[in-house]
Every structure is written in C-alpha cells, then in structure tokens.
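Just below is one structure, and these are the notes that go with it.
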Protein chains: 2
Amino acid sequence: MSEAVVSTRIRLARNLKEYPFPNRISEDQAKEVADRVISALSDMDKKFNRIDMSELSQAQRLALVEQHLISPEFVEKRPYRVLLLSDDNSVSIMLNEEDHIRLQVIKPGLDLEEAYKIADEIDDCLSKKLNLAFSERLGYLTQCPTNLGTALRASVMLHLPALQKSASISRIASNLSKLGLTIRGIYGEGSNSSGALYQLSNQVTLGISEKAAVENLKNIANQLISQEIKTRDKMLKDIEVQDKVCRSLGILKTAKLISHTEAMELISNVRLGVSGKLLDTLTLDSIDKLTVEIQPANIMIKHGEEMSVRERDIKRADILRDSFN
Amino acid sequence: MSEAVVSTRIRLARNLKEYPFPNRISEDQAKEVADRVISALSDMDKKFNRIDMSELSQAQRLALVEQHLISPEFVEKRPYRVLLLSDDNSVSIMLNEEDHIRLQVIKPGLDLEEAYKIADEIDDCLSKKLNLAFSERLGYLTQCPTNLGTALRASVMLHLPALQKSASISRIASNLSKLGLTIRGIYGEGSNSSGALYQLSNQVTLGISEKAAVENLKNIANQLISQEIKTRDKMLKDIEVQDKVCRSLGILKTAKLISHTEAMELISNVRLGVSGKLLDTLTLDSIDKLTVEIQPANIMIKHGEEMSVRERDIKRADILRDSFN
C-alpha cells in the first residue's frame, strides 16, 4: 500500500485553563505557558530540543514549515513561540500557536495507531501535570470552535497522481465532506496540491471519539489508496504515460536549472514510475525526503539565505542531478 | 571547423545532345539514355550499383531522399529513372531526373576540392564517351535555364543552431543572394530548416568558372562557420542554453515516444553540446548518421513499411535510447 502513502500525522490541540488563548495572551503569560509545558514534559523519557522561534531567520522558519514540523501560521512573530522537537523530528510541539499546545506526531507510511499512541502518551503526561482546559460538555477547549471536542486532527499524506490525472479528486473531495473528512494540498488549509500530494484528514472533532475518528480516517484512506493503485496500474500501461514518466527521470538527471513547480511535477512522475516498477532509481522513501530537500527555504538554509530564485533553481538542479545519477 | 559542417556536395547536370530533355522524352529514348550512360561509365575504375526506381516502394524511394542520395523530384514515377550508386554511397548518379544525368558527390565535412575532383573525373569520362549538350556561348545545356553554364551546384550542409537562435539567418540569407549564393533547408528548394541544418549553395552558373564558384562558396562557408562558432561559444556560457542542451540528451536517453520534429530539435541541441564540449556522448559523425536513421522513411524501410506515425514515434525513441545510452 505504501506506494500511495507518504506519511501519517496526528495533531492534538491543548490549552491551559489558567491562561487566555494565544490571540489575547501577554508576552509574560505566554512565557509562563511555555515554561510550564516544558517543565511538565521534563519527566518523560522522550527528550525534546527547544527552539525559540524568535531566534530563527525567516528562511529557517519557512524551512520548518516545508518539513511539516510547524504550521504556516507559526512562522508569524507572536509572543513567546517555542518549538519542542524530538531528536528524530517525529514529535513536534508548538507552544503558543493558535492554541497553547499543538502536539504533532509524524510517522512515515500509513501508521495511524502508532502515531496516535505516541501522541496519547504525551497527552497523558500533560494532563497529569497541567490543568488543561476541558469541559464535560464540549471536551477539550480550543481557540477555534472547529477543534472543540477531541481537538484531534489525524491526517495522511497521499501521493495520488492517477486519481489527479483522471480528475477524480474533485468528485472524491465532495464525497469525503459527507463522511466528516477533507482532502487538500500538502501545506494544509488553502494550499494547492503540488506534485500530486494530498492531505486527507478528519474534519469532525465533536461527538466522535478519538478511536472512531482515527478508524474512520484509516478506512477511507485505504479505500482511496486501493482506488489510486488500481487506476495507476491501468494508466501505466499507456505508452504516453510511460513516456512522461521516463522523460521526467531523464530531465531530473540532466537539468541545469529547475523551478520548484517543475521539480515537484517531475518527482511526482518518477515516484509513480518507481511505484509501478517502470523505473529503478531511488526508493520511494528517498524520493519523499528529496521532495522536502528541494523546497525553496530548505535550499536556502543549507546553501545561503541570500539566494535569488535563479540561484535556487540552479542549486535545485544540482541536488536533483546528484540524487538521481 | 567541422563542428558546424555536416557535409559537402557537388552536383553536375549533363544532357545527351541526341535526346530531348526528360520532360519530353519517350520511354524508349529514356532507356537509351540510361543504357548509354551506364555503358560510358563501365570503363571507369569506380563501380556503380544500378537501382531502377520503378522497382522501389514509395518508402524506399523516400528513404533515399532522406539519405540525400536522390532529389525529392526523383521520387515521382517517370520514364526509365535509374540511380547509379557507388559502394560507399559517396557518388550517386540520377538518370532521367530533370536532366539526363545528375551526378552528385557527397563528402563528410567541408571538402569541396576533393568532391569536385571526383565529380570532374566522372564528367571527363562522360564527355569522352558521350556527345554532351554544350554550347560555346551558354556552356552546358540544361532543361532549367537557371543551371545553364557550368551546370554545377556546390553546396555545404551546415549546422547553425547559434545563428538560428540569434535570428541572424534571415539577415545572412538576404546578403548571400547578393554574392550569388543561397541558404535553405536541408532537403533543397522550398524545404524548411529542421534541427538547425542549412544548405548553403551557389546560385549562379553562368559567367563564372567551376573553380571560381567552388572557391567563392568555400570562402563564404568559412565565414559563416566562424561566425557560428563565435556565437556558439558565447551562447554556451548561458546556463539556460546549457540547461536546454543537457535536458535534450536526458530526454533522448529516456523517451518512449518521440516525433520527427522533436527528435531533430533535441539532436540539434545535443550536437551543439558535443561540439562545445559540454556533453561527452556520441561523436558528431555518429550524430549526423543518426539524424538520417531517424527520418520517417528510413525507419520504415528497416522496421516495416506499414508503420503508423505512432509506431514510428515509438521505434524512433527506441533507436535514440539505444544510441545515446
């Protein structure tokens, strides 16, 4: 199944009862929130690296978004924003984002249970040590009412080139909303799909248990994946598709200059070719890592924050040639 | 210099005094013409293979045009058309084309003197054995008055991607006509340039000696070539051009499907890259041979005359992948 799944993500939103939500919090209060959360987590076996957002450059912050470690909203300078990051980057905790605590667990492939288990352990620790804003009637209280209840967002990042090409995505999207799910571009709400990557997530957090929400998402994800794989098998028999897939690798191996948009499209084609055993190049896992590496801010934090678009396009082509040759 | 020159060609037109020009000749007379020329040539050391055009399929005839061994006009079925071809294909003699005898010598690279020397030897043999149509005042008599005089057409096939890109070709073309020369696409009069290949040839045959015409063509060819090479050196420093050149090779190495027009363009880019030492792939000579091999009729005579355009596009991609990998 992994041909069509990149990663799984569980996100929990939590707030401390004693403090106003971050949109009306003072600098001092925000500091107190951060300190209390950090202290609460200090007893855990899992250790976190502390990153103060105010100390990062714009490119460094954007690079974290590209790596899916923080939300686009967390890039904005606001009182006492701190990121706690596990060594392997699988757990990231944003402090003073839209809620006091935004806890995220990412796992490669489709692994909702394991991701939820880890998130739940951290949540248990937080619940024990902190006075979390919770109401019997509404569940966890969050700044935005759409998160009230479980305050859980489970999502799966899918690679759906065949469903995209067959234009099934928009039909699927409208059916999903009836099932309490949503599908959108890879950088969350309002973002476009790039390289046929889509994020499927639950939309309903009220009146449904965490378990049920995760189970529901898993079922739908599996259905989408098998639909994608079936469409792919048919599609890859078409010589025009084979031509496009093979040429994409040819271009990635040789280009001296490549834009972000073109690179995402070519990589998506190659990922399709590898999954369909038409190409024998990098593994799907390496391709997915490369997809992050060639994002603009990730190039800049590695190779120079003053780079122009043209310089990035050259460097991106260098990275891709090195990787695929 | 050879980076910008593909081949040199000398063509002489001759007619037998005793017979009407081919446009008004009878089948019997045309046969007599052919027999007399073949008999006249039989004493030469150089041996020729006889090919009766009426015995060839349409694809076989078109393939000879693509190989520059016959003129497009010679494809048409007309009385007793015979092609005499030396073993190495460097000499071809069309009998009963527009004139009774169209003698052509092709040499790779820029080699006008040698090509003329060979043509002249054959012409001497013909003159000795046959009564050629010649007038003291007009020189050799030909069906079309534009060939009267020397009836010599000397031409050089040039690869001019840099001058084409810099849009200098049309300016050059209008200057050339003042010098008694013309530049046009590779399949002669009225044909378009394909893959930045151009044919430079003399236009004036009256009031100028063979030697002077050849000398004049050589001088202008050398000027054009050095202009092309200078422009190329500058052009190849541009990363966008490098990108186009490198990608072209990447696509030729991977495509599963490729049209004639696209293949010609990509091969032209690769030829430019090889000549500029940006690419290390086939030699210029192998590239030039490949340019003929991937022409539609040449694919068909090798792989099946019933091939559709799509089947040819697939076979063309196969040939190119095999050649460049």
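Residues are named by chain letter and number: chains run A, B, ... in the order of the structure tokens, numbers start at 1 in each chain, and ligands are numbered from 1 in the order shown.
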Task: All strand (DSSP E or B) positions in region 58-288 of chain B, as number ranges by chain - done: B: 82-86, 91-95, 101-108, 132, 134-135, 139-140, 149, 152-159, 181-184, 194, 197-202
Task: Spatial neighbours of region 70-84 of chain B, 7 Å, only C-alpha atoms, chain gap at least 4 places, as JSON, numbers by chain - done: {"B": [27, 30, 31, 48, 49, 50, 51, 52, 53, 54, 61, 62, 64, 65, 92, 93, 94, 95, 96, 97]}
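The interface of chain B with chain A at 6 Å, considering only C-alpha atoms, consists of Asp243, Cys246, Arg247, Gly250, Ile251, Thr254, Ala255 and Lys256 of chain B.
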Just to be explicit: take each residue in the selection above, keep N, CA and C atoms, and write the result as a PDB file, in the first residue's frame.
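Final output, saved to out35.pdb:
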```pdb
ATOM      1  N   ASP B 243      21.240  24.283 -19.932  1.00  0.00           N
ATOM      2  CA  ASP B 243      20.108  23.513 -19.415  1.00  0.00           C
ATOM      3  C   ASP B 243      19.376  22.818 -20.566  1.00  0.00           C
ATOM      4  N   CYS B 246      21.561  19.996 -22.057  1.00  0.00           N
ATOM      5  CA  CYS B 246      21.682  18.814 -21.197  1.00  0.00           C
ATOM      6  C   CYS B 246      20.355  18.067 -21.102  1.00  0.00           C
ATOM      7  N   ARG B 247      19.256  18.812 -20.956  1.00  0.00           N
ATOM      8  CA  ARG B 247      17.946  18.159 -20.906  1.00  0.00           C
ATOM      9  C   ARG B 247      17.660  17.402 -22.200  1.00  0.00           C
ATOM     10  N   GLY B 250      19.077  14.172 -21.916  1.00  0.00           N
ATOM     11  CA  GLY B 250      18.291  13.414 -20.938  1.00  0.00           C
ATOM     12  C   GLY B 250      17.023  12.840 -21.549  1.00  0.00           C
ATOM     13  N   ILE B 251      16.368  13.636 -22.372  1.00  0.00           N
ATOM     14  CA  ILE B 251      15.121  13.177 -22.999  1.00  0.00           C
ATOM     15  C   ILE B 251      15.406  12.119 -24.067  1.00  0.00           C
ATOM     16  N   THR B 254      15.756   8.748 -22.632  1.00  0.00           N
ATOM     17  CA  THR B 254      14.680   8.151 -21.842  1.00  0.00           C
ATOM     18  C   THR B 254      13.328   8.074 -22.550  1.00  0.00           C
ATOM     19  N   ALA B 255      13.099   8.913 -23.549  1.00  0.00           N
ATOM     20  CA  ALA B 255      11.749   8.980 -24.137  1.00  0.00           C
ATOM     21  C   ALA B 255      11.320   7.629 -24.703  1.00  0.00           C
ATOM     22  N   LYS B 256      10.030   7.376 -24.638  1.00  0.00           N
ATOM     23  CA  LYS B 256       9.445   6.130 -25.156  1.00  0.00           C
ATOM     24  C   LYS B 256       8.704   6.408 -26.463  1.00  0.00           C
TER      25      LYS B 256
END
```
Task: Surrounding residues of region 303-310 of chain B excluding itself and chain neighbours under 6 positions, 10 Å, only C-alpha atoms, as JSON, numbers by chain - done: {"B": [57, 58, 59, 60, 257, 258, 259, 260, 296, 297, 316]}
- [ ] Please provide as a PyMOL selection string all residues within 12 Å of Ser268 (chain B), with the sequence filter that same-chain residues fewer than 5 positions apart are discarded (counting only C-alpha atoms).
- [x] chain B and resi 3-4+6+158-162+164-165+193-198+244-246+248-249+252+261-263+273-275+284+287-288+290-291
Let me see the file: selected residues, N, CA, C and O atoms, as a compact mmCIF listing (two decimals), in the first residue's frame.
```txt
# COMPACT_ATOMS: atom_id res chain seq x y z
N GLU B 3 32.77 21.35 -36.48
CA GLU B 3 31.64 21.42 -35.56
C GLU B 3 30.38 21.93 -36.26
O GLU B 3 29.28 21.59 -35.87
N ALA B 4 30.56 22.81 -37.25
CA ALA B 4 29.39 23.42 -37.86
C ALA B 4 29.11 22.90 -39.27
O ALA B 4 28.17 23.34 -39.92
N VAL B 6 28.31 19.57 -41.74
CA VAL B 6 27.95 18.16 -41.79
C VAL B 6 28.56 17.52 -43.04
O VAL B 6 29.26 16.53 -42.95
N LEU B 158 25.29 22.81 -43.35
CA LEU B 158 25.82 23.43 -42.14
C LEU B 158 24.87 23.23 -40.97
O LEU B 158 23.65 23.19 -41.15
N HIS B 159 25.43 23.09 -39.79
CA HIS B 159 24.62 23.05 -38.57
C HIS B 159 24.81 24.38 -37.88
O HIS B 159 25.88 24.69 -37.36
N LEU B 160 23.74 25.20 -37.87
CA LEU B 160 23.88 26.59 -37.41
C LEU B 160 22.91 26.92 -36.27
O LEU B 160 22.12 27.87 -36.36
N PRO B 161 22.95 26.17 -35.17
CA PRO B 161 21.99 26.44 -34.08
C PRO B 161 22.17 27.83 -33.48
O PRO B 161 21.18 28.47 -33.12
N ALA B 162 23.39 28.31 -33.38
CA ALA B 162 23.62 29.60 -32.73
C ALA B 162 23.12 30.73 -33.62
O ALA B 162 22.44 31.65 -33.15
N GLN B 164 20.90 30.44 -35.88
CA GLN B 164 19.44 30.31 -35.94
C GLN B 164 18.81 30.98 -34.71
O GLN B 164 17.89 31.76 -34.83
N LYS B 165 19.37 30.66 -33.53
CA LYS B 165 18.79 31.18 -32.29
C LYS B 165 18.93 32.71 -32.22
O LYS B 165 18.02 33.40 -31.78
N SER B 193 14.13 24.51 -42.53
CA SER B 193 15.25 24.02 -41.73
C SER B 193 14.69 23.11 -40.66
O SER B 193 13.67 23.36 -40.05
N SER B 194 15.37 22.01 -40.44
CA SER B 194 14.97 21.05 -39.42
C SER B 194 16.23 20.79 -38.62
O SER B 194 17.29 20.53 -39.18
N GLY B 195 16.15 20.93 -37.30
CA GLY B 195 17.33 20.68 -36.48
C GLY B 195 18.47 21.63 -36.77
O GLY B 195 19.64 21.26 -36.68
N ALA B 196 18.14 22.87 -37.16
CA ALA B 196 19.15 23.91 -37.42
C ALA B 196 20.14 23.52 -38.52
O ALA B 196 21.27 23.98 -38.55
N LEU B 197 19.69 22.64 -39.41
CA LEU B 197 20.54 22.25 -40.54
C LEU B 197 20.19 23.10 -41.76
O LEU B 197 19.02 23.27 -42.09
N TYR B 198 21.22 23.62 -42.40
CA TYR B 198 21.02 24.50 -43.55
C TYR B 198 21.93 24.08 -44.68
O TYR B 198 23.03 23.58 -44.45
N LYS B 244 19.11 23.58 -21.62
CA LYS B 244 18.37 23.04 -22.78
C LYS B 244 19.17 21.91 -23.43
O LYS B 244 18.61 20.87 -23.78
N VAL B 245 20.46 22.13 -23.57
CA VAL B 245 21.33 21.13 -24.21
C VAL B 245 21.36 19.84 -23.37
O VAL B 245 21.18 18.74 -23.89
N CYS B 246 21.56 20.00 -22.06
CA CYS B 246 21.68 18.81 -21.20
C CYS B 246 20.36 18.07 -21.10
O CYS B 246 20.32 16.84 -21.16
N SER B 248 18.10 17.97 -23.31
CA SER B 248 17.82 17.32 -24.60
C SER B 248 18.42 15.91 -24.61
O SER B 248 17.78 14.95 -25.04
N LEU B 249 19.65 15.80 -24.10
CA LEU B 249 20.26 14.47 -24.03
C LEU B 249 19.48 13.59 -23.06
O LEU B 249 19.23 12.41 -23.35
N LEU B 252 16.45 12.34 -24.87
CA LEU B 252 16.79 11.35 -25.90
C LEU B 252 17.14 10.00 -25.28
O LEU B 252 16.91 8.95 -25.87
N THR B 261 9.96 15.87 -35.60
CA THR B 261 10.32 17.27 -35.37
C THR B 261 11.04 17.43 -34.03
O THR B 261 12.07 18.10 -33.94
N GLU B 262 10.48 16.82 -32.97
CA GLU B 262 11.12 16.96 -31.66
C GLU B 262 12.51 16.31 -31.67
O GLU B 262 13.47 16.86 -31.14
N ALA B 263 12.60 15.13 -32.29
CA ALA B 263 13.89 14.43 -32.32
C ALA B 263 14.95 15.29 -33.01
O ALA B 263 16.08 15.42 -32.52
N GLY B 273 25.89 20.74 -27.98
CA GLY B 273 26.56 20.44 -26.72
C GLY B 273 27.85 19.66 -26.91
O GLY B 273 28.85 19.93 -26.23
N VAL B 274 27.84 18.72 -27.84
CA VAL B 274 29.05 17.92 -28.09
C VAL B 274 30.12 18.81 -28.71
O VAL B 274 31.28 18.78 -28.31
N SER B 275 29.72 19.64 -29.67
CA SER B 275 30.72 20.49 -30.34
C SER B 275 31.32 21.48 -29.35
O SER B 275 32.47 21.85 -29.46
N LEU B 284 30.29 13.68 -33.38
CA LEU B 284 29.47 14.45 -34.32
C LEU B 284 29.09 13.59 -35.51
O LEU B 284 27.97 13.65 -36.01
N ILE B 287 26.31 11.29 -34.63
CA ILE B 287 25.08 12.07 -34.51
C ILE B 287 24.50 12.36 -35.89
O ILE B 287 23.30 12.23 -36.12
N ASP B 288 25.38 12.72 -36.84
CA ASP B 288 24.90 13.04 -38.18
C ASP B 288 24.29 11.80 -38.85
O ASP B 288 23.30 11.90 -39.57
N LEU B 290 22.86 9.35 -37.26
CA LEU B 290 21.61 9.11 -36.54
C LEU B 290 20.49 10.02 -37.08
O LEU B 290 19.33 9.62 -37.17
N THR B 291 20.88 11.24 -37.44
CA THR B 291 19.91 12.19 -37.98
C THR B 291 19.21 11.62 -39.22
O THR B 291 18.03 11.88 -39.44
```
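Using only C-alpha atoms, the residues found no farther than 7 Å from Glu98 (chain B), other than those of its own chain fewer than 2 positions away, are Pro22, Asn96, His100 and Gln143 of chain B.
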TODO: Write down as an MDAnalysis selection string the residues of region 284-321 of chain A whose backbone DSSP state falls under alpha helix (DSSP H).
DONE: chainID A and resid 284:293 296:303 309:321
File dump, residues just selected, N, CA, C and O atoms, as a tab-separated table (two decimals), in the first residue's frame:
```
chain	number	residue	atom	x	y	z
A	284	LEU	N	11.17	4.90	-2.75
A	284	LEU	CA	10.10	5.87	-2.50
A	284	LEU	C	10.46	6.76	-1.32
A	284	LEU	O	10.22	7.97	-1.32
A	285	ASP	N	11.07	6.15	-0.31
A	285	ASP	CA	11.45	6.88	0.88
A	285	ASP	C	12.46	8.00	0.56
A	285	ASP	O	12.31	9.14	1.00
A	286	SER	N	13.46	7.67	-0.24
A	286	SER	CA	14.46	8.69	-0.61
A	286	SER	C	13.82	9.77	-1.46
A	286	SER	O	14.16	10.95	-1.35
A	287	ILE	N	12.88	9.38	-2.31
A	287	ILE	CA	12.20	10.37	-3.15
A	287	ILE	C	11.42	11.33	-2.26
A	287	ILE	O	11.44	12.55	-2.46
A	288	ASP	N	10.75	10.80	-1.24
A	288	ASP	CA	9.96	11.66	-0.36
A	288	ASP	C	10.86	12.62	0.42
A	288	ASP	O	10.50	13.78	0.64
A	289	LYS	N	12.03	12.15	0.83
A	289	LYS	CA	12.98	13.04	1.52
A	289	LYS	C	13.45	14.14	0.58
A	289	LYS	O	13.57	15.30	0.96
A	290	LEU	N	13.71	13.75	-0.66
A	290	LEU	CA	14.18	14.71	-1.66
A	290	LEU	C	13.14	15.80	-1.90
A	290	LEU	O	13.47	16.96	-2.12
A	291	THR	N	11.87	15.40	-1.85
A	291	THR	CA	10.78	16.35	-2.07
A	291	THR	C	10.86	17.50	-1.06
A	291	THR	O	10.53	18.64	-1.39
A	292	VAL	N	11.30	17.20	0.15
A	292	VAL	CA	11.45	18.25	1.15
A	292	VAL	C	12.73	19.06	0.90
A	292	VAL	O	12.74	20.28	0.93
A	293	GLU	N	13.80	18.33	0.58
A	293	GLU	CA	15.11	18.96	0.38
A	293	GLU	C	15.11	20.03	-0.70
A	293	GLU	O	15.91	20.98	-0.65
A	296	PRO	N	12.14	25.60	-1.50
A	296	PRO	CA	12.96	26.82	-1.53
A	296	PRO	C	13.69	27.13	-0.22
A	296	PRO	O	14.91	27.33	-0.21
A	297	ALA	N	12.97	27.14	0.92
A	297	ALA	CA	13.62	27.55	2.17
A	297	ALA	C	14.63	26.49	2.63
A	297	ALA	O	15.67	26.83	3.21
A	298	ASN	N	14.35	25.23	2.34
A	298	ASN	CA	15.31	24.19	2.70
A	298	ASN	C	16.60	24.33	1.91
A	298	ASN	O	17.68	24.06	2.41
A	299	ILE	N	16.49	24.75	0.67
A	299	ILE	CA	17.70	25.01	-0.12
A	299	ILE	C	18.45	26.18	0.49
A	299	ILE	O	19.67	26.15	0.66
A	300	MET	N	17.71	27.23	0.88
A	300	MET	CA	18.35	28.44	1.39
A	300	MET	C	19.05	28.22	2.73
A	300	MET	O	20.13	28.75	2.96
A	301	ILE	N	18.44	27.45	3.64
A	301	ILE	CA	19.11	27.30	4.94
A	301	ILE	C	20.37	26.45	4.80
A	301	ILE	O	21.27	26.54	5.62
A	302	LYS	N	20.46	25.67	3.73
A	302	LYS	CA	21.66	24.85	3.53
A	302	LYS	C	22.71	25.57	2.71
A	302	LYS	O	23.90	25.37	2.88
A	303	HIS	N	22.26	26.39	1.73
A	303	HIS	CA	23.20	26.90	0.74
A	303	HIS	C	23.29	28.42	0.71
A	303	HIS	O	23.96	28.97	-0.16
A	309	VAL	N	15.98	33.56	-6.78
A	309	VAL	CA	15.20	32.45	-7.34
A	309	VAL	C	16.05	31.68	-8.36
A	309	VAL	O	16.11	30.44	-8.35
A	310	ARG	N	16.76	32.41	-9.22
A	310	ARG	CA	17.60	31.77	-10.23
A	310	ARG	C	18.68	30.89	-9.59
A	310	ARG	O	18.92	29.76	-10.01
A	311	GLU	N	19.30	31.44	-8.53
A	311	GLU	CA	20.35	30.66	-7.85
A	311	GLU	C	19.78	29.40	-7.20
A	311	GLU	O	20.40	28.34	-7.20
A	312	ARG	N	18.57	29.53	-6.68
A	312	ARG	CA	17.92	28.34	-6.09
A	312	ARG	C	17.60	27.31	-7.17
A	312	ARG	O	17.76	26.11	-6.96
A	313	ASP	N	17.15	27.81	-8.34
A	313	ASP	CA	16.81	26.89	-9.43
A	313	ASP	C	18.06	26.11	-9.89
A	313	ASP	O	17.97	24.93	-10.25
A	314	ILE	N	19.19	26.79	-9.87
A	314	ILE	CA	20.44	26.11	-10.24
A	314	ILE	C	20.82	25.09	-9.18
A	314	ILE	O	21.14	23.94	-9.48
A	315	LYS	N	20.73	25.51	-7.91
A	315	LYS	CA	21.10	24.61	-6.81
A	315	LYS	C	20.15	23.41	-6.76
A	315	LYS	O	20.57	22.27	-6.53
A	316	ARG	N	18.86	23.67	-6.99
A	316	ARG	CA	17.88	22.58	-7.00
A	316	ARG	C	18.23	21.54	-8.08
A	316	ARG	O	18.18	20.33	-7.84
A	317	ALA	N	18.62	22.04	-9.25
A	317	ALA	CA	19.01	21.12	-10.33
A	317	ALA	C	20.25	20.32	-9.93
A	317	ALA	O	20.34	19.12	-10.20
A	318	ASP	N	21.19	20.99	-9.24
A	318	ASP	CA	22.40	20.29	-8.76
A	318	ASP	C	22.02	19.15	-7.82
A	318	ASP	O	22.50	18.02	-7.95
A	319	ILE	N	21.15	19.46	-6.86
A	319	ILE	CA	20.73	18.46	-5.86
A	319	ILE	C	20.06	17.28	-6.57
A	319	ILE	O	20.34	16.12	-6.27
A	320	LEU	N	19.21	17.58	-7.52
A	320	LEU	CA	18.46	16.52	-8.21
A	320	LEU	C	19.39	15.67	-9.08
A	320	LEU	O	19.28	14.44	-9.09
A	321	ARG	N	20.31	16.32	-9.78
A	321	ARG	CA	21.26	15.54	-10.59
A	321	ARG	C	22.08	14.62	-9.70
A	321	ARG	O	22.27	13.44	-9.99
```
Would you list the contacts of Asp43 (chain B) as a PDB file with N, CA, C and O atoms, in the first residue's frame, taking every protein, DNA or RNA residue within 12 Å and counting only C-alpha atoms, but skipping same-chain residues closer than 5 positions in sequence?
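Written out: around-v3.pdb:
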```pdb
ATOM      1  N   VAL B  37      24.673   5.927 -70.845  1.00  0.00           N
ATOM      2  CA  VAL B  37      25.454   6.464 -69.716  1.00  0.00           C
ATOM      3  C   VAL B  37      26.102   5.319 -68.960  1.00  0.00           C
ATOM      4  O   VAL B  37      27.294   5.365 -68.620  1.00  0.00           O
ATOM      5  N   ILE B  38      25.329   4.252 -68.714  1.00  0.00           N
ATOM      6  CA  ILE B  38      25.864   3.113 -67.970  1.00  0.00           C
ATOM      7  C   ILE B  38      27.038   2.489 -68.726  1.00  0.00           C
ATOM      8  O   ILE B  38      28.078   2.183 -68.145  1.00  0.00           O
ATOM      9  N   PHE B  48      29.537   1.156 -60.056  1.00  0.00           N
ATOM     10  CA  PHE B  48      28.253   1.660 -59.556  1.00  0.00           C
ATOM     11  C   PHE B  48      27.215   0.550 -59.482  1.00  0.00           C
ATOM     12  O   PHE B  48      27.163  -0.313 -60.362  1.00  0.00           O
ATOM     13  N   ILE B 122      34.549  11.918 -63.239  1.00  0.00           N
ATOM     14  CA  ILE B 122      33.418  11.206 -63.849  1.00  0.00           C
ATOM     15  C   ILE B 122      32.915  11.987 -65.066  1.00  0.00           C
ATOM     16  O   ILE B 122      32.611  11.422 -66.117  1.00  0.00           O
ATOM     17  N   CYS B 125      35.047  11.363 -68.064  1.00  0.00           N
ATOM     18  CA  CYS B 125      34.724  10.071 -68.670  1.00  0.00           C
ATOM     19  C   CYS B 125      33.463  10.186 -69.526  1.00  0.00           C
ATOM     20  O   CYS B 125      33.423   9.697 -70.664  1.00  0.00           O
ATOM     21  N   LEU B 126      32.445  10.869 -68.989  1.00  0.00           N
ATOM     22  CA  LEU B 126      31.190  11.044 -69.738  1.00  0.00           C
ATOM     23  C   LEU B 126      31.439  11.843 -71.011  1.00  0.00           C
ATOM     24  O   LEU B 126      30.934  11.510 -72.090  1.00  0.00           O
ATOM     25  N   LYS B 128      34.103  12.152 -72.761  1.00  0.00           N
ATOM     26  CA  LYS B 128      34.840  11.388 -73.769  1.00  0.00           C
ATOM     27  C   LYS B 128      33.921  10.447 -74.534  1.00  0.00           C
ATOM     28  O   LYS B 128      34.030  10.295 -75.737  1.00  0.00           O
ATOM     29  N   LYS B 129      33.009   9.784 -73.787  1.00  0.00           N
ATOM     30  CA  LYS B 129      32.239   8.711 -74.394  1.00  0.00           C
ATOM     31  C   LYS B 129      30.905   9.159 -74.984  1.00  0.00           C
ATOM     32  O   LYS B 129      30.303   8.436 -75.763  1.00  0.00           O
TER      33      LYS B 129
END
```
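CA of Ser2 (chain A) is positioned 5.9 Å from CA of Gly109 (chain A).
Coordinates place CA of Asp87 (chain A) at a distance of 28.5 Å from CA of Glu215 (chain A).
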Open item on the list: Residues within 6 Å of Ile106 (chain B), please, as a PyMOL selection string. Count only C-alpha atoms; anything in the same chain fewer than 2 positions from it doesn't count.
Closed with: chain B and resi 8-9+90
Expected file: the selected residues, N, CA and C atoms, as a PDB file, in the first residue's frame:
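Contents of again.pdb, freshly written:
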```
ATOM      1  N   THR B   8      29.613  18.061 -47.603  1.00  0.00           N
ATOM      2  CA  THR B   8      29.850  18.861 -48.799  1.00  0.00           C
ATOM      3  C   THR B   8      29.258  18.102 -49.972  1.00  0.00           C
ATOM      4  N   ARG B   9      28.669  18.835 -50.892  1.00  0.00           N
ATOM      5  CA  ARG B   9      28.082  18.153 -52.036  1.00  0.00           C
ATOM      6  C   ARG B   9      28.381  18.914 -53.319  1.00  0.00           C
ATOM      7  N   SER B  90      29.046   7.574 -51.784  1.00  0.00           N
ATOM      8  CA  SER B  90      29.551   8.944 -51.920  1.00  0.00           C
ATOM      9  C   SER B  90      29.251   9.518 -53.301  1.00  0.00           C
TER      10      SER B  90
END
```
